[in-house]
>>> print(open('structure_21.csv').read())   # CSV, N, CA and C atoms
chain,number,residue,atom,x,y,z
V,196,MET,N,-212.8,-62.4,-68.7
V,196,MET,CA,-211.6,-61.7,-68.7
V,196,MET,C,-211.6,-60.5,-69.7
V,197,THR,N,-211.1,-59.4,-69.3
V,197,THR,CA,-211.1,-58.2,-70.2
V,197,THR,C,-209.9,-58.2,-71.0
V,198,SER,N,-210.1,-57.8,-72.2
V,198,SER,CA,-209.0,-57.6,-73.2
V,198,SER,C,-208.3,-56.3,-73.0
V,199,ARG,N,-207.0,-56.2,-72.9
V,199,ARG,CA,-206.3,-55.0,-72.8
V,199,ARG,C,-205.5,-54.8,-74.1
V,200,SER,N,-205.5,-53.6,-74.5
V,200,SER,CA,-204.7,-53.3,-75.7
V,200,SER,C,-203.8,-52.1,-75.4
V,201,LEU,N,-202.7,-52.1,-76.1
V,201,LEU,CA,-201.7,-51.1,-76.0
V,201,LEU,C,-201.9,-50.0,-77.0
V,202,HIS,N,-202.0,-48.8,-76.6
V,202,HIS,CA,-202.2,-47.6,-77.6
V,202,HIS,C,-200.8,-46.9,-77.6
V,203,VAL,N,-200.3,-46.8,-78.8
V,203,VAL,CA,-199.0,-46.2,-79.0
V,203,VAL,C,-199.1,-45.0,-79.9
V,204,ALA,N,-198.5,-43.9,-79.5
V,204,ALA,CA,-198.5,-42.7,-80.3
V,204,ALA,C,-197.1,-42.4,-80.8
V,205,VAL,N,-197.1,-41.6,-81.9
V,205,VAL,CA,-195.8,-41.2,-82.5
V,205,VAL,C,-195.9,-39.8,-82.9
V,206,GLU,N,-194.9,-39.0,-82.5
V,206,GLU,CA,-194.8,-37.6,-82.9
V,206,GLU,C,-194.0,-37.6,-84.2
V,207,LEU,N,-194.6,-37.2,-85.3
V,207,LEU,CA,-194.0,-37.4,-86.6
V,207,LEU,C,-193.1,-36.3,-87.1
V,208,ASP,N,-193.4,-35.1,-86.8
V,208,ASP,CA,-192.7,-34.0,-87.6
V,208,ASP,C,-192.2,-32.8,-86.8
V,209,GLY,N,-191.9,-33.0,-85.5
V,209,GLY,CA,-191.4,-31.9,-84.7
V,209,GLY,C,-192.3,-30.7,-84.9
V,210,ASP,N,-191.8,-29.5,-85.0
V,210,ASP,CA,-192.7,-28.4,-85.2
V,210,ASP,C,-192.8,-28.1,-86.7
V,211,GLY,N,-192.4,-29.0,-87.6
V,211,GLY,CA,-192.6,-28.8,-89.0
V,211,GLY,C,-191.5,-27.9,-89.6
V,212,ALA,N,-190.5,-27.6,-88.8
V,212,ALA,CA,-189.5,-26.6,-89.3
V,212,ALA,C,-188.6,-27.0,-90.4
V,213,ALA,N,-188.3,-28.3,-90.5
V,213,ALA,CA,-187.4,-28.7,-91.5
V,213,ALA,C,-188.1,-28.8,-92.8
V,214,PRO,N,-187.6,-28.0,-93.8
V,214,PRO,CA,-188.3,-28.0,-95.1
V,214,PRO,C,-188.4,-29.3,-95.8
V,215,ASP,N,-187.5,-30.3,-95.6
V,215,ASP,CA,-187.6,-31.6,-96.2
V,215,ASP,C,-188.8,-32.4,-95.6
V,216,ARG,N,-189.2,-32.0,-94.4
V,216,ARG,CA,-190.3,-32.7,-93.7
V,216,ARG,C,-191.6,-32.0,-94.0
V,217,LEU,N,-191.5,-30.9,-94.7
V,217,LEU,CA,-192.8,-30.2,-95.0
V,217,LEU,C,-193.3,-30.6,-96.4
V,218,SER,N,-192.6,-31.3,-97.2
V,218,SER,CA,-193.1,-31.7,-98.5
V,218,SER,C,-194.2,-32.7,-98.3
V,219,PRO,N,-195.3,-32.5,-99.1
V,219,PRO,CA,-196.4,-33.5,-99.0
V,219,PRO,C,-195.9,-34.9,-99.2
V,220,ARG,N,-195.0,-35.2,-100.0
V,220,ARG,CA,-194.6,-36.6,-100.2
V,220,ARG,C,-193.9,-37.1,-99.0
V,221,ALA,N,-193.0,-36.3,-98.4
V,221,ALA,CA,-192.3,-36.8,-97.2
V,221,ALA,C,-193.3,-37.0,-96.0
V,222,LEU,N,-194.2,-36.1,-95.8
V,222,LEU,CA,-195.2,-36.3,-94.8
V,222,LEU,C,-196.1,-37.5,-95.0
V,223,ALA,N,-196.6,-37.6,-96.2
V,223,ALA,CA,-197.4,-38.8,-96.6
V,223,ALA,C,-196.7,-40.1,-96.3
V,224,GLY,N,-195.5,-40.2,-96.6
V,224,GLY,CA,-194.7,-41.4,-96.4
V,224,GLY,C,-194.6,-41.7,-95.0
V,225,VAL,N,-194.3,-40.7,-94.1
V,225,VAL,CA,-194.1,-41.0,-92.7
V,225,VAL,C,-195.4,-41.4,-92.1
V,226,VAL,N,-196.5,-40.8,-92.5
V,226,VAL,CA,-197.8,-41.1,-91.9
V,226,VAL,C,-198.3,-42.5,-92.3
V,227,THR,N,-198.2,-42.8,-93.5
V,227,THR,CA,-198.6,-44.1,-94.0
V,227,THR,C,-197.7,-45.2,-93.4
V,228,THR,N,-196.5,-45.0,-93.2
V,228,THR,CA,-195.6,-45.9,-92.5
V,228,THR,C,-196.0,-46.1,-91.0
V,229,ALA,N,-196.3,-45.0,-90.4
V,229,ALA,CA,-196.8,-45.1,-89.0
V,229,ALA,C,-198.1,-45.9,-88.9
V,230,GLU,N,-199.0,-45.7,-89.8
V,230,GLU,CA,-200.2,-46.5,-89.8
V,230,GLU,C,-200.0,-48.0,-90.0
V,231,ARG,N,-199.2,-48.3,-91.0
V,231,ARG,CA,-198.8,-49.7,-91.3
V,231,ARG,C,-198.1,-50.3,-90.1
V,232,ALA,N,-197.3,-49.5,-89.3
V,232,ALA,CA,-196.6,-50.1,-88.2
V,232,ALA,C,-197.5,-50.3,-87.0
V,233,GLY,N,-198.7,-49.9,-87.0
V,233,GLY,CA,-199.7,-50.2,-86.0
V,233,GLY,C,-199.8,-49.1,-84.9
V,234,PHE,N,-199.3,-47.9,-85.1
V,234,PHE,CA,-199.5,-46.8,-84.2
V,234,PHE,C,-200.9,-46.5,-84.1
V,235,THR,N,-201.3,-46.0,-82.9
V,235,THR,CA,-202.7,-45.7,-82.6
V,235,THR,C,-203.0,-44.3,-83.2
V,236,PHE,N,-202.1,-43.3,-82.9
V,236,PHE,CA,-202.3,-42.0,-83.4
V,236,PHE,C,-201.0,-41.3,-83.5
V,237,ALA,N,-201.0,-40.2,-84.3
V,237,ALA,CA,-199.8,-39.4,-84.6
V,237,ALA,C,-200.1,-38.0,-84.2
V,238,THR,N,-199.1,-37.4,-83.6
V,238,THR,CA,-199.2,-36.0,-83.2
V,238,THR,C,-198.4,-35.1,-84.2
V,239,PHE,N,-198.9,-33.9,-84.3
V,239,PHE,CA,-198.3,-32.9,-85.2
V,239,PHE,C,-198.0,-31.7,-84.3
V,240,ASP,N,-196.8,-31.4,-84.0
V,240,ASP,CA,-196.4,-30.3,-83.1
V,240,ASP,C,-196.5,-29.0,-83.8
V,241,ASP,N,-196.6,-27.9,-83.1
V,241,ASP,CA,-196.7,-26.6,-83.6
V,241,ASP,C,-196.2,-25.6,-82.6
V,242,SER,N,-195.9,-24.4,-83.1
V,242,SER,CA,-195.5,-23.3,-82.2
V,242,SER,C,-196.1,-22.0,-82.8
V,243,PRO,N,-196.4,-21.0,-82.0
V,243,PRO,CA,-196.9,-19.8,-82.5
V,243,PRO,C,-195.8,-19.0,-83.2
V,244,LEU,N,-194.6,-19.3,-82.9
V,244,LEU,CA,-193.5,-18.6,-83.6
V,244,LEU,C,-193.0,-19.3,-84.8
V,245,PRO,N,-192.7,-18.6,-85.9
V,245,PRO,CA,-192.1,-19.3,-87.1
V,245,PRO,C,-190.8,-19.9,-86.8
V,246,PRO,N,-190.4,-21.0,-87.5
V,246,PRO,CA,-189.1,-21.5,-87.3
V,246,PRO,C,-188.0,-20.6,-87.9
V,247,ARG,N,-186.8,-21.0,-87.7
V,247,ARG,CA,-185.7,-20.1,-88.2
V,247,ARG,C,-185.8,-19.8,-89.7
V,248,GLY,N,-186.2,-20.8,-90.5
V,248,GLY,CA,-186.3,-20.6,-91.9
V,248,GLY,C,-187.5,-19.8,-92.3
V,249,GLY,N,-188.4,-19.6,-91.3
V,249,GLY,CA,-189.6,-18.8,-91.6
V,249,GLY,C,-190.7,-19.4,-92.4
V,250,LEU,N,-190.6,-20.7,-92.6
V,250,LEU,CA,-191.6,-21.4,-93.4
V,250,LEU,C,-192.1,-22.6,-92.7
V,251,ARG,N,-193.5,-22.6,-92.5
V,251,ARG,CA,-194.1,-23.8,-91.8
V,251,ARG,C,-195.6,-23.8,-92.1
V,252,LEU,N,-196.1,-24.9,-92.4
V,252,LEU,CA,-197.6,-25.1,-92.4
V,252,LEU,C,-198.0,-25.4,-91.0
V,253,ASP,N,-199.1,-24.9,-90.5
V,253,ASP,CA,-199.5,-25.2,-89.2
V,253,ASP,C,-199.9,-26.7,-89.0
V,254,ALA,N,-199.9,-27.1,-87.8
V,254,ALA,CA,-200.2,-28.5,-87.5
V,254,ALA,C,-201.5,-29.0,-87.9
V,255,GLY,N,-202.5,-28.2,-87.8
V,255,GLY,CA,-203.9,-28.5,-88.3
V,255,GLY,C,-203.9,-28.8,-89.8
V,256,THR,N,-203.2,-28.0,-90.5
V,256,THR,CA,-203.2,-28.1,-92.0
V,256,THR,C,-202.4,-29.4,-92.4
V,257,ARG,N,-201.3,-29.7,-91.7
V,257,ARG,CA,-200.6,-30.9,-92.0
V,257,ARG,C,-201.4,-32.1,-91.6
V,258,ALA,N,-202.1,-32.1,-90.5
V,258,ALA,CA,-203.0,-33.2,-90.1
V,258,ALA,C,-204.1,-33.4,-91.1
V,259,ALA,N,-204.7,-32.3,-91.5
V,259,ALA,CA,-205.9,-32.4,-92.4
V,259,ALA,C,-205.4,-33.0,-93.8
V,260,TYR,N,-204.2,-32.6,-94.2
V,260,TYR,CA,-203.7,-33.2,-95.5
V,260,TYR,C,-203.6,-34.7,-95.4
V,261,VAL,N,-203.0,-35.2,-94.3
V,261,VAL,CA,-202.9,-36.7,-94.2
V,261,VAL,C,-204.1,-37.4,-93.8
V,262,ALA,N,-205.2,-36.7,-93.4
V,262,ALA,CA,-206.4,-37.4,-93.0
V,262,ALA,C,-207.0,-38.2,-94.2
V,263,THR,N,-206.8,-37.8,-95.4
V,263,THR,CA,-207.3,-38.5,-96.6
V,263,THR,C,-206.4,-39.7,-97.0
V,264,LEU,N,-205.2,-39.8,-96.4
V,264,LEU,CA,-204.3,-40.8,-96.7
V,264,LEU,C,-204.3,-42.0,-95.8
V,265,THR,N,-205.0,-41.9,-94.7
V,265,THR,CA,-205.1,-42.9,-93.7
V,265,THR,C,-206.5,-43.3,-93.4
V,266,ASP,N,-206.8,-44.4,-92.8
V,266,ASP,CA,-208.1,-44.7,-92.4
V,266,ASP,C,-208.3,-45.2,-91.0
V,267,ARG,N,-207.2,-45.4,-90.3
V,267,ARG,CA,-207.2,-45.9,-88.9
V,267,ARG,C,-206.5,-45.0,-87.9
V,268,LEU,N,-205.5,-44.3,-88.4
V,268,LEU,CA,-204.6,-43.5,-87.5
V,268,LEU,C,-205.3,-42.3,-87.0
V,269,GLY,N,-205.3,-42.1,-85.7
V,269,GLY,CA,-205.8,-40.9,-85.1
V,269,GLY,C,-204.8,-39.7,-85.4
V,270,LEU,N,-205.3,-38.5,-85.5
V,270,LEU,CA,-204.5,-37.4,-85.9
V,270,LEU,C,-204.6,-36.3,-84.9
V,271,ALA,N,-203.6,-36.0,-84.1
V,271,ALA,CA,-203.6,-35.1,-83.0
V,271,ALA,C,-202.8,-33.9,-83.3
V,272,ALA,N,-203.4,-32.7,-83.6
V,272,ALA,CA,-202.7,-31.5,-84.0
V,272,ALA,C,-202.6,-30.6,-82.8
V,273,THR,N,-201.4,-30.0,-82.6
V,273,THR,CA,-201.2,-29.0,-81.6
V,273,THR,C,-201.8,-27.7,-82.0
V,274,ALA,N,-202.6,-27.1,-81.2
V,274,ALA,CA,-203.1,-25.7,-81.5
V,274,ALA,C,-202.9,-24.9,-80.2
V,275,ASN,N,-202.4,-23.7,-80.3
V,275,ASN,CA,-202.1,-22.9,-79.2
V,275,ASN,C,-203.2,-22.0,-78.8
V,276,VAL,N,-203.7,-22.2,-77.6
V,276,VAL,CA,-204.9,-21.4,-77.1
V,276,VAL,C,-204.5,-20.0,-76.8
V,277,THR,N,-203.3,-19.7,-76.5
V,277,THR,CA,-202.9,-18.3,-76.1
V,277,THR,C,-202.7,-17.4,-77.3
V,278,THR,N,-202.6,-17.9,-78.5
V,278,THR,CA,-202.4,-17.1,-79.7
V,278,THR,C,-203.4,-17.3,-80.8
V,279,ALA,N,-204.4,-18.1,-80.6
V,279,ALA,CA,-205.4,-18.3,-81.6
V,279,ALA,C,-206.8,-17.8,-81.1
V,280,GLU,N,-207.5,-17.2,-82.0
V,280,GLU,CA,-208.9,-16.8,-81.7
V,280,GLU,C,-209.7,-18.1,-81.5
V,281,PRO,N,-210.6,-18.1,-80.4
V,281,PRO,CA,-211.4,-19.3,-80.1
V,281,PRO,C,-212.2,-19.8,-81.3
V,282,PHE,N,-212.8,-18.9,-82.0
V,282,PHE,CA,-213.6,-19.3,-83.2
V,282,PHE,C,-212.8,-20.0,-84.2
V,283,HIS,N,-211.6,-19.4,-84.6
V,283,HIS,CA,-210.8,-20.1,-85.6
V,283,HIS,C,-210.3,-21.4,-85.1
V,284,LEU,N,-209.9,-21.5,-83.8
V,284,LEU,CA,-209.4,-22.7,-83.3
V,284,LEU,C,-210.5,-23.8,-83.4
V,285,ALA,N,-211.7,-23.5,-83.0
V,285,ALA,CA,-212.9,-24.4,-83.0
V,285,ALA,C,-213.2,-24.9,-84.4
V,286,ALA,N,-213.1,-23.9,-85.4
V,286,ALA,CA,-213.4,-24.2,-86.8
V,286,ALA,C,-212.3,-25.1,-87.4
V,287,GLN,N,-211.1,-24.9,-87.0
V,287,GLN,CA,-210.0,-25.7,-87.5
V,287,GLN,C,-210.1,-27.1,-87.0
V,288,LEU,N,-210.3,-27.3,-85.7
V,288,LEU,CA,-210.4,-28.6,-85.1
V,288,LEU,C,-211.7,-29.4,-85.6
V,289,ALA,N,-212.8,-28.6,-85.8
V,289,ALA,CA,-214.0,-29.3,-86.3
V,289,ALA,C,-213.7,-29.7,-87.8
V,290,SER,N,-213.0,-28.9,-88.5
V,290,SER,CA,-212.7,-29.3,-89.9
V,290,SER,C,-211.8,-30.6,-90.0
V,291,LEU,N,-210.8,-30.6,-89.1
V,291,LEU,CA,-210.0,-31.8,-89.0
V,291,LEU,C,-210.8,-33.0,-88.6
V,292,ASP,N,-211.7,-32.9,-87.7
V,292,ASP,CA,-212.5,-34.0,-87.2
V,292,ASP,C,-213.4,-34.5,-88.4
V,293,HIS,N,-213.9,-33.6,-89.1
V,293,HIS,CA,-214.7,-33.9,-90.3
V,293,HIS,C,-213.9,-34.6,-91.4
V,294,ALA,N,-212.8,-34.1,-91.7
V,294,ALA,CA,-211.9,-34.6,-92.8
V,294,ALA,C,-211.4,-36.0,-92.4
V,295,SER,N,-211.2,-36.2,-91.1
V,295,SER,CA,-210.6,-37.5,-90.7
V,295,SER,C,-211.7,-38.5,-90.2
V,296,HIS,N,-212.9,-38.2,-90.4
V,296,HIS,CA,-214.1,-39.0,-90.1
V,296,HIS,C,-214.0,-39.4,-88.6
V,297,GLY,N,-213.8,-38.4,-87.8
V,297,GLY,CA,-213.8,-38.7,-86.3
V,297,GLY,C,-212.5,-39.1,-85.7
V,298,ARG,N,-211.4,-39.0,-86.4
V,298,ARG,CA,-210.2,-39.5,-85.8
V,298,ARG,C,-209.3,-38.3,-85.3
V,299,ALA,N,-209.8,-37.1,-85.2
V,299,ALA,CA,-209.1,-36.0,-84.8
V,299,ALA,C,-208.9,-35.9,-83.3
V,300,ALA,N,-207.8,-35.3,-82.9
V,300,ALA,CA,-207.6,-35.0,-81.5
V,300,ALA,C,-206.8,-33.7,-81.4
V,301,TRP,N,-206.9,-33.1,-80.2
V,301,TRP,CA,-206.2,-31.8,-80.0
V,301,TRP,C,-205.2,-31.9,-78.9
V,302,VAL,N,-204.0,-31.5,-79.2
V,302,VAL,CA,-202.9,-31.3,-78.3
V,302,VAL,C,-202.9,-29.8,-77.9
V,303,VAL,N,-203.2,-29.5,-76.7
V,303,VAL,CA,-203.4,-28.1,-76.3
V,303,VAL,C,-202.0,-27.5,-76.1
V,304,GLY,N,-201.7,-26.4,-76.8
V,304,GLY,CA,-200.5,-25.7,-76.7
V,304,GLY,C,-200.8,-24.4,-76.0
V,305,ALA,N,-199.9,-23.9,-75.1
V,305,ALA,CA,-200.2,-22.7,-74.4
V,305,ALA,C,-198.9,-21.9,-74.2
V,306,ASP,N,-198.3,-21.4,-75.3
V,306,ASP,CA,-197.1,-20.6,-75.2
V,306,ASP,C,-197.5,-19.2,-74.8
V,307,GLY,N,-197.2,-18.8,-73.6
V,307,GLY,CA,-197.5,-17.5,-73.1
V,307,GLY,C,-196.3,-16.6,-73.0
V,308,SER,N,-195.2,-17.0,-73.7
V,308,SER,CA,-194.0,-16.2,-73.7
V,308,SER,C,-194.2,-14.8,-74.4
V,309,ALA,N,-193.4,-13.9,-74.0
V,309,ALA,CA,-193.5,-12.5,-74.6
V,309,ALA,C,-193.3,-12.6,-76.1
V,310,ALA,N,-192.4,-13.4,-76.5
V,310,ALA,CA,-192.1,-13.5,-78.0
V,310,ALA,C,-193.3,-14.0,-78.7
V,311,ALA,N,-194.0,-15.0,-78.2
V,311,ALA,CA,-195.2,-15.6,-78.8
V,311,ALA,C,-196.3,-14.7,-78.8
V,312,LEU,N,-196.5,-14.0,-77.7
V,312,LEU,CA,-197.6,-13.1,-77.6
V,312,LEU,C,-197.5,-11.8,-78.4
V,313,ALA,N,-196.2,-11.5,-78.8
V,313,ALA,CA,-196.0,-10.3,-79.6
V,313,ALA,C,-196.4,-10.5,-81.0
>>> encode(input="structure_21.csv", output="structure tokens")
Amino acid sequence: MTSRSLHVAVELDGDGAAPDRLSPRALAGVVTTAERAGFTFATFDDSPLPPRGGLRLDAGTRAAYVATLTDRLGLAATANVTTAEPFHLAAQLASLDHASHGRAAWVVGADGSAAALA
């Protein structure tokens, strides 16, 4: 008989637009709580456009920060292929994979709107 397991993901921080969710302490608390709760991986959303407040760390940076705070949780950062240079995108994802000891994943973003491409 084969064993089946349930893999559950949680999206933790929207696009990171809310300043109170951008603080390292707030993000660390949410991620460690998700890991203790048994989630398989967490996603970090992103957009090529800045939020209304104009302040946001990109998803890859947020995921890399929490990589050192977890040891089981997979970290899936959104990166937009339409607005990022392929080399920078590859380097960022490879760095996240290295920092997380192989727990990185990529959520492909493809915002091709005129506003994002401008």
>>> atom_distance(input="structure_21.csv", atom1="atom CA of V:Ala204", atom2="atom C of V:Gly269")
8.6 Å
>>> closest_residue(input="structure_21.csv", among="V:Leu291, V:Ala254, V:Ala299, V:Ala310", to="V:Phe239", atoms="all atoms listed in the file")
V:Ala254
>>> select_by_dssp(input="structure_21.csv", residues="chain V", states="strand (DSSP E or B)", output="mmCIF file with N, CA and C atoms, in the coordinates of the input")
data_model
loop_
_atom_site.group_PDB
_atom_site.id
_atom_site.type_symbol
_atom_site.label_atom_id
_atom_site.label_comp_id
_atom_site.auth_asym_id
_atom_site.auth_seq_id
_atom_site.Cartn_x
_atom_site.Cartn_y
_atom_site.Cartn_z
ATOM 1 N N ALA V 204 -198.500 -43.900 -79.500
ATOM 2 C CA ALA V 204 -198.500 -42.700 -80.300
ATOM 3 C C ALA V 204 -197.100 -42.400 -80.800
ATOM 4 N N VAL V 205 -197.100 -41.600 -81.900
ATOM 5 C CA VAL V 205 -195.800 -41.200 -82.500
ATOM 6 C C VAL V 205 -195.900 -39.800 -82.900
ATOM 7 N N GLU V 206 -194.900 -39.000 -82.500
ATOM 8 C CA GLU V 206 -194.800 -37.600 -82.900
ATOM 9 C C GLU V 206 -194.000 -37.600 -84.200
ATOM 10 N N PHE V 236 -202.100 -43.300 -82.900
ATOM 11 C CA PHE V 236 -202.300 -42.000 -83.400
ATOM 12 C C PHE V 236 -201.000 -41.300 -83.500
ATOM 13 N N ALA V 237 -201.000 -40.200 -84.300
ATOM 14 C CA ALA V 237 -199.800 -39.400 -84.600
ATOM 15 C C ALA V 237 -200.100 -38.000 -84.200
ATOM 16 N N THR V 238 -199.100 -37.400 -83.600
ATOM 17 C CA THR V 238 -199.200 -36.000 -83.200
ATOM 18 C C THR V 238 -198.400 -35.100 -84.200
ATOM 19 N N PHE V 239 -198.900 -33.900 -84.300
ATOM 20 C CA PHE V 239 -198.300 -32.900 -85.200
ATOM 21 C C PHE V 239 -198.000 -31.700 -84.300
ATOM 22 N N GLY V 269 -205.300 -42.100 -85.700
ATOM 23 C CA GLY V 269 -205.800 -40.900 -85.100
ATOM 24 C C GLY V 269 -204.800 -39.700 -85.400
ATOM 25 N N LEU V 270 -205.300 -38.500 -85.500
ATOM 26 C CA LEU V 270 -204.500 -37.400 -85.900
ATOM 27 C C LEU V 270 -204.600 -36.300 -84.900
ATOM 28 N N ALA V 271 -203.600 -36.000 -84.100
ATOM 29 C CA ALA V 271 -203.600 -35.100 -83.000
ATOM 30 C C ALA V 271 -202.800 -33.900 -83.300
ATOM 31 N N ALA V 272 -203.400 -32.700 -83.600
ATOM 32 C CA ALA V 272 -202.700 -31.500 -84.000
ATOM 33 C C ALA V 272 -202.600 -30.600 -82.800
ATOM 34 N N THR V 273 -201.400 -30.000 -82.600
ATOM 35 C CA THR V 273 -201.200 -29.000 -81.600
ATOM 36 C C THR V 273 -201.800 -27.700 -82.000
ATOM 37 N N ALA V 274 -202.600 -27.100 -81.200
ATOM 38 C CA ALA V 274 -203.100 -25.700 -81.500
ATOM 39 C C ALA V 274 -202.900 -24.900 -80.200
ATOM 40 N N ASN V 275 -202.400 -23.700 -80.300
ATOM 41 C CA ASN V 275 -202.100 -22.900 -79.200
ATOM 42 C C ASN V 275 -203.200 -22.000 -78.800
ATOM 43 N N ALA V 299 -209.800 -37.100 -85.200
ATOM 44 C CA ALA V 299 -209.100 -36.000 -84.800
ATOM 45 C C ALA V 299 -208.900 -35.900 -83.300
ATOM 46 N N ALA V 300 -207.800 -35.300 -82.900
ATOM 47 C CA ALA V 300 -207.600 -35.000 -81.500
ATOM 48 C C ALA V 300 -206.800 -33.700 -81.400
ATOM 49 N N TRP V 301 -206.900 -33.100 -80.200
ATOM 50 C CA TRP V 301 -206.200 -31.800 -80.000
ATOM 51 C C TRP V 301 -205.200 -31.900 -78.900
ATOM 52 N N VAL V 302 -204.000 -31.500 -79.200
ATOM 53 C CA VAL V 302 -202.900 -31.300 -78.300
ATOM 54 C C VAL V 302 -202.900 -29.800 -77.900
ATOM 55 N N VAL V 303 -203.200 -29.500 -76.700
ATOM 56 C CA VAL V 303 -203.400 -28.100 -76.300
ATOM 57 C C VAL V 303 -202.000 -27.500 -76.100
ATOM 58 N N GLY V 304 -201.700 -26.400 -76.800
ATOM 59 C CA GLY V 304 -200.500 -25.700 -76.700
ATOM 60 C C GLY V 304 -200.800 -24.400 -76.000
#
>>> atom_distance(input="structure_21.csv", atom1="atom CA of V:Ala289", atom2="atom C of V:Thr238")
16.8 Å
>>> closest_residue(input="structure_21.csv", among="V:Ala279, V:Val203, V:Ala272, V:Leu284", to="V:Asp241", atoms="all atoms listed in the file")
V:Ala272
>>> atom_distance(input="structure_21.csv", atom1="atom C of V:Gln287", atom2="atom C of V:Ala271")
10.6 Å
>>> closest_residue(input="structure_21.csv", among="V:Ser242, V:Ser218, V:Thr235, V:Thr256", to="V:Ser200", atoms="only C-alpha atoms")
V:Thr235
